[in-house]
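What's in input.pdb: PDB, C-alpha atoms
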```pdb
ATOM      1  CA  ALA H   1       0.435 -18.972  -4.545
ATOM      2  CA  LEU H   2      -3.119 -17.648  -4.289
ATOM      3  CA  ALA H   3      -4.439 -21.077  -3.339
ATOM      4  CA  GLU H   4      -1.880 -21.283  -0.530
ATOM      5  CA  VAL H   5      -2.848 -17.848   0.805
ATOM      6  CA  TYR H   6      -6.530 -18.779   0.519
ATOM      7  CA  GLY H   7      -5.892 -21.957   2.518
ATOM      8  CA  LEU H   8      -4.021 -20.051   5.211
ATOM      9  CA  ILE H   9      -6.718 -17.407   5.600
ATOM     10  CA  THR H  10      -9.568 -19.933   5.654
ATOM     11  CA  SER H  11      -7.760 -21.869   8.399
ATOM     12  CA  ILE H  12      -9.051 -19.183  10.779
ATOM     13  CA  PRO H  13     -12.358 -20.294  12.302
ATOM     14  CA  GLY H  14     -14.936 -17.754  11.234
ATOM     15  CA  VAL H  15     -13.343 -16.915   7.890
ATOM     16  CA  ALA H  16     -15.175 -18.571   5.016
ATOM     17  CA  ALA H  17     -14.756 -18.286   1.249
ATOM     18  CA  ALA H  18     -16.355 -14.874   0.708
ATOM     19  CA  SER H  19     -14.477 -13.227   3.572
ATOM     20  CA  ALA H  20     -11.196 -14.830   2.529
ATOM     21  CA  ILE H  21     -11.545 -13.504  -1.019
ATOM     22  CA  GLN H  22     -12.345 -10.013   0.265
ATOM     23  CA  LEU H  23      -9.352 -10.083   2.608
ATOM     24  CA  MET H  24      -7.056 -11.385  -0.119
ATOM     25  CA  GLY H  25      -8.193  -8.631  -2.461
ATOM     26  CA  GLU H  26      -7.351  -5.964   0.085
ATOM     27  CA  LEU H  27      -4.178  -7.425   1.600
ATOM     28  CA  LEU H  28      -2.291  -8.979  -1.304
ATOM     29  CA  VAL H  29      -1.876  -5.659  -3.114
ATOM     30  CA  LEU H  30       0.077  -4.230  -0.171
ATOM     31  CA  PRO H  31       3.878  -4.164  -0.230
ATOM     32  CA  GLU H  32       5.462  -7.228   1.377
ATOM     33  CA  ASP H  33       7.717  -5.168   3.643
ATOM     34  CA  MET H  34       4.816  -3.609   5.575
ATOM     35  CA  ARG H  35       4.671  -4.453   9.269
ATOM     36  CA  ALA H  36       1.528  -5.569  11.107
ATOM     37  CA  LYS H  37       1.150  -2.175  12.774
ATOM     38  CA  GLN H  38       1.157  -0.556   9.356
ATOM     39  CA  TRP H  39      -1.599  -2.946   8.236
ATOM     40  CA  VAL H  40      -3.610  -1.949  11.315
ATOM     41  CA  ALA H  41      -3.136   1.749  10.569
ATOM     42  CA  LEU H  42      -4.075   1.160   6.941
ATOM     43  CA  ALA H  43      -7.284  -0.531   8.049
ATOM     44  CA  GLY H  44      -8.097   2.336  10.409
ATOM     45  CA  LEU H  45      -8.146   0.041  13.441
ATOM     46  CA  ASP H  46      -5.523   2.018  15.349
ATOM     47  CA  PRO H  47      -6.572   4.117  18.357
ATOM     48  CA  ARG H  48      -6.679   7.887  18.021
ATOM     49  CA  GLN H  49      -6.663  10.133  21.048
ATOM     50  CA  SER H  50      -8.526  13.385  21.030
ATOM     51  CA  THR H  51      -7.216  16.219  23.194
ATOM     52  CA  SER H  52      -7.763  19.936  23.103
ATOM     53  CA  GLY H  53      -5.590  21.910  25.448
ATOM     54  CA  THR H  54      -5.822  20.941  29.086
ATOM     55  CA  SER H  55      -9.579  20.676  29.501
ATOM     56  CA  VAL H  56     -10.712  18.150  26.890
ATOM     57  CA  ASN H  57      -9.348  14.629  27.204
ATOM     58  CA  LYS H  58     -11.637  12.229  25.398
ATOM     59  CA  LYS H  59     -11.291   8.462  25.445
ATOM     60  CA  PRO H  60      -9.368   7.005  22.512
ATOM     61  CA  HIS H  61     -11.412   5.646  19.615
ATOM     62  CA  LEU H  62     -10.721   4.079  16.222
ATOM     63  CA  SER H  63      -9.138   6.430  13.743
ATOM     64  CA  LYS H  64     -11.148   5.012  10.792
ATOM     65  CA  ALA H  65      -8.633   6.854   8.613
ATOM     66  CA  GLY H  66      -7.859   3.854   6.475
ATOM     67  CA  ASN H  67      -9.426   1.336   4.175
ATOM     68  CA  GLY H  68     -13.095   0.891   5.016
ATOM     69  CA  HIS H  69     -13.363  -2.172   2.767
ATOM     70  CA  LEU H  70     -10.741  -3.952   4.880
ATOM     71  CA  ARG H  71     -12.588  -3.078   8.097
ATOM     72  CA  LYS H  72     -15.833  -4.388   6.604
ATOM     73  CA  ALA H  73     -14.110  -7.576   5.460
ATOM     74  CA  LEU H  74     -12.785  -8.183   8.990
ATOM     75  CA  PHE H  75     -15.993  -7.478  10.926
ATOM     76  CA  MET H  76     -18.019 -10.657  10.304
ATOM     77  CA  PRO H  77     -15.007 -13.015  10.633
ATOM     78  CA  ALA H  78     -14.142 -11.362  13.949
ATOM     79  CA  LEU H  79     -17.730 -11.687  15.131
ATOM     80  CA  SER H  80     -17.905 -15.339  14.103
ATOM     81  CA  ALA H  81     -14.477 -16.183  15.520
ATOM     82  CA  ALA H  82     -15.368 -14.514  18.824
ATOM     83  CA  ARG H  83     -18.356 -16.827  19.053
ATOM     84  CA  HIS H  84     -16.974 -20.141  17.758
ATOM     85  CA  GLU H  85     -13.180 -20.225  18.334
ATOM     86  CA  PRO H  86     -12.350 -20.845  22.022
ATOM     87  CA  HIS H  87      -9.143 -18.776  22.125
ATOM     88  CA  VAL H  88     -10.686 -15.780  20.378
ATOM     89  CA  ASN H  89     -13.756 -16.110  22.612
ATOM     90  CA  SER H  90     -11.475 -16.074  25.644
ATOM     91  CA  TYR H  91      -9.846 -12.845  24.445
ATOM     92  CA  TYR H  92     -13.251 -11.312  23.667
ATOM     93  CA  THR H  93     -14.732 -12.132  27.081
ATOM     94  CA  HIS H  94     -11.560 -10.911  28.801
ATOM     95  CA  LEU H  95     -11.924  -7.540  27.089
ATOM     96  CA  ILE H  96     -15.548  -7.211  28.152
ATOM     97  CA  GLU H  97     -15.261  -8.520  31.724
ATOM     98  CA  ALA H  98     -11.798  -7.499  32.870
ATOM     99  CA  ARG H  99     -11.217  -4.330  30.861
ATOM    100  CA  GLY H 100     -14.820  -3.121  30.823
ATOM    101  CA  LEU H 101     -15.089  -2.570  27.081
ATOM    102  CA  LYS H 102     -18.403  -2.446  25.280
ATOM    103  CA  LYS H 103     -19.162  -5.336  22.943
ATOM    104  CA  ILE H 104     -18.479  -3.353  19.762
ATOM    105  CA  GLN H 105     -15.178  -2.127  21.195
ATOM    106  CA  ALA H 106     -14.197  -5.700  21.984
ATOM    107  CA  ILE H 107     -15.090  -6.803  18.432
ATOM    108  CA  CYS H 108     -12.916  -4.015  17.031
ATOM    109  CA  ALA H 109     -10.058  -5.196  19.244
ATOM    110  CA  VAL H 110     -10.586  -8.742  17.950
ATOM    111  CA  MET H 111     -10.548  -7.378  14.380
ATOM    112  CA  ARG H 112      -7.219  -5.690  15.086
ATOM    113  CA  LYS H 113      -5.732  -8.819  16.607
ATOM    114  CA  LEU H 114      -7.022 -10.964  13.730
ATOM    115  CA  LEU H 115      -5.268  -8.636  11.319
ATOM    116  CA  HIS H 116      -2.050  -9.117  13.282
ATOM    117  CA  ALA H 117      -2.586 -12.889  13.125
ATOM    118  CA  ILE H 118      -3.204 -12.827   9.366
ATOM    119  CA  HIS H 119      -0.024 -10.812   8.886
ATOM    120  CA  ALA H 120       1.993 -13.367  10.850
ATOM    121  CA  MET H 121       0.332 -16.290   9.053
ATOM    122  CA  LEU H 122       1.166 -14.902   5.619
ATOM    123  CA  LYS H 123       4.689 -13.920   6.634
ATOM    124  CA  HIS H 124       5.589 -17.314   8.130
ATOM    125  CA  ARG H 125       3.288 -19.426   5.895
ATOM    126  CA  GLN H 126       1.679 -21.164   8.876
ATOM    127  CA  ALA H 127      -1.974 -21.968   9.500
ATOM    128  CA  PHE H 128      -3.949 -20.316  12.297
ATOM    129  CA  ASP H 129      -3.016 -21.447  15.795
ATOM    130  CA  GLY H 130      -5.541 -20.311  18.386
ATOM    131  CA  SER H 131      -3.165 -20.932  21.279
ATOM    132  CA  ARG H 132      -0.946 -18.145  19.952
ATOM    133  CA  PHE H 133      -3.940 -15.802  19.795
ATOM    134  CA  CYS H 134      -4.816 -15.893  23.495
ATOM    135  CA  LEU H 135      -4.723 -18.235  26.471
ATOM    136  CA  LEU H 136      -7.985 -19.907  27.394
ATOM    137  CA  ARG H 137      -9.776 -18.341  30.361
ATOM    138  CA  GLU H 138      -9.876 -21.643  32.292
ATOM    139  CA  ALA H 139      -6.076 -21.886  32.138
ATOM    140  CA  VAL H 140      -5.682 -18.277  33.280
ATOM    141  CA  ALA H 141      -8.136 -18.527  36.203
TER     142      ALA H 141
END
```
Would you write out, as structure tokens, the structure that this file holds?
Amino acid sequence: ALAEVYGLITSIPGVAAASAIQLMGELLVLPEDMRAKQWVALAGLDPRQSTSGTSVNKKPHLSKAGNGHLRKALFMPALSAARHEPHVNSYYTHLIEARGLKKIQAICAVMRKLLHAIHAMLKHRQAFDGSRFCLLREAVA
């Protein structure tokens, strides 16, 4: 069972052996009935808004209230996938160009979406499919 999960996680471009083992160590201890949004909240990759009365309305930022080890395990795979996988790169460039996010904000969004993808891959026992991650920018334009 572990070998199958390892194979599924390493099917993501950008996730190598060390990252896969770290991710498996953090994710396989979680209950199987957790949803992807709960995984995101557990990792601290969910947005948190900061308001104080009517005068202070700050931009949302990561809550960072969760598992820091999981966030660290997702950072380098997200960075590598954003560079080398065409669909993830398309999503990353869309966030920077169209939505005006900073590069680190876009990487955090890619981390969040990768976590959603890993959840779906483990739930349905299917390898990574980049076309389900995001449409390529050439096809959109």
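Between atom CA of His69 of chain H and atom CA of Asp46 of chain H the separation is 15.4 Å.
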* **Residues in the PyMOL selection byres ((chain H and resi 75) around 12), expressed as an MDAnalysis selection string** => chainID H and resid 14:15 19 22:23 43 45 68:74 76:82 104:115
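Each of H:Pro86, H:Gly100, H:Pro47, H:Gly66 was checked against Leu136 of chain H using only C-alpha atoms; the smallest atom-to-atom distance is that of H:Pro86.
Remark: for Ala1 of chain H, the closest of the candidate residues H:Leu135, H:Leu122, H:Ala117, H:Met34 is H:Leu122 (distances computed over all atoms listed in the file).
If you measure from each of H:Gly44, H:Arg83, H:Arg132, H:Lys102 to Ala120 of chain H using all atoms listed in the file, the closest one turns out to be H:Arg132.
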* Can you list what the PyMOL selection byres ((chain H and resi 4) around 12) grabs from this structure, as a PyMOL selection string? -> chain H and resi 1-3+5-11+20+24+121-122+125-127
Pull C-alpha atoms from the residues just selected and write them as a PDB file, in the frame of the given file.
```
ATOM      1  CA  ALA H   1       0.435 -18.972  -4.545  1.00  0.00           C
ATOM      2  CA  LEU H   2      -3.119 -17.648  -4.289  1.00  0.00           C
ATOM      3  CA  ALA H   3      -4.439 -21.077  -3.339  1.00  0.00           C
ATOM      4  CA  VAL H   5      -2.848 -17.848   0.805  1.00  0.00           C
ATOM      5  CA  TYR H   6      -6.530 -18.779   0.519  1.00  0.00           C
ATOM      6  CA  GLY H   7      -5.892 -21.957   2.518  1.00  0.00           C
ATOM      7  CA  LEU H   8      -4.021 -20.051   5.211  1.00  0.00           C
ATOM      8  CA  ILE H   9      -6.718 -17.407   5.600  1.00  0.00           C
ATOM      9  CA  THR H  10      -9.568 -19.933   5.654  1.00  0.00           C
ATOM     10  CA  SER H  11      -7.760 -21.869   8.399  1.00  0.00           C
ATOM     11  CA  ALA H  20     -11.196 -14.830   2.529  1.00  0.00           C
ATOM     12  CA  MET H  24      -7.056 -11.385  -0.119  1.00  0.00           C
ATOM     13  CA  MET H 121       0.332 -16.290   9.053  1.00  0.00           C
ATOM     14  CA  LEU H 122       1.166 -14.902   5.619  1.00  0.00           C
ATOM     15  CA  ARG H 125       3.288 -19.426   5.895  1.00  0.00           C
ATOM     16  CA  GLN H 126       1.679 -21.164   8.876  1.00  0.00           C
ATOM     17  CA  ALA H 127      -1.974 -21.968   9.500  1.00  0.00           C
TER      18      ALA H 127
END
```
* So, counting all atoms listed in the file, which residue among H:Arg35, H:Tyr91, H:Thr51, H:Leu28 is closest to His116 of chain H? -> H:Arg35
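Pairwise distance (atom CA of Leu62 of chain H, atom CA of His124 of chain H) equals 28.1 Å.
One finds atom CA of Phe133 of chain H at 6.4 Å from atom CA of His87 of chain H.
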Residue members of the PyMOL selection byres ((chain H and resi 59) around 8) in the file shown, as a CSV table (one decimal) with C-alpha atoms, in the coordinates of the input:
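That gives us selection29.csv:
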```csv
chain,number,residue,atom,x,y,z
H,49,GLN,CA,-6.7,10.1,21.0
H,50,SER,CA,-8.5,13.4,21.0
H,57,ASN,CA,-9.3,14.6,27.2
H,58,LYS,CA,-11.6,12.2,25.4
H,60,PRO,CA,-9.4,7.0,22.5
H,61,HIS,CA,-11.4,5.6,19.6
```
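Distance annotation: of H:Leu42, H:Ile12, H:Val88, H:Ala65, the residue with the minimal separation from Leu30 of chain H is H:Leu42; atom set is all atoms listed in the file.
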Around all the atoms of segment 81-89 of chain H listed in the file, with 3 Å of room on each side, what axis-aligned box do you get, giving centre and edge lengths in Å to one decimal, as JSON?
```
{"center_x": -13.7, "center_y": -17.7, "center_z": 19.1, "size_x": 15.2, "size_y": 12.3, "size_z": 13.1}
```
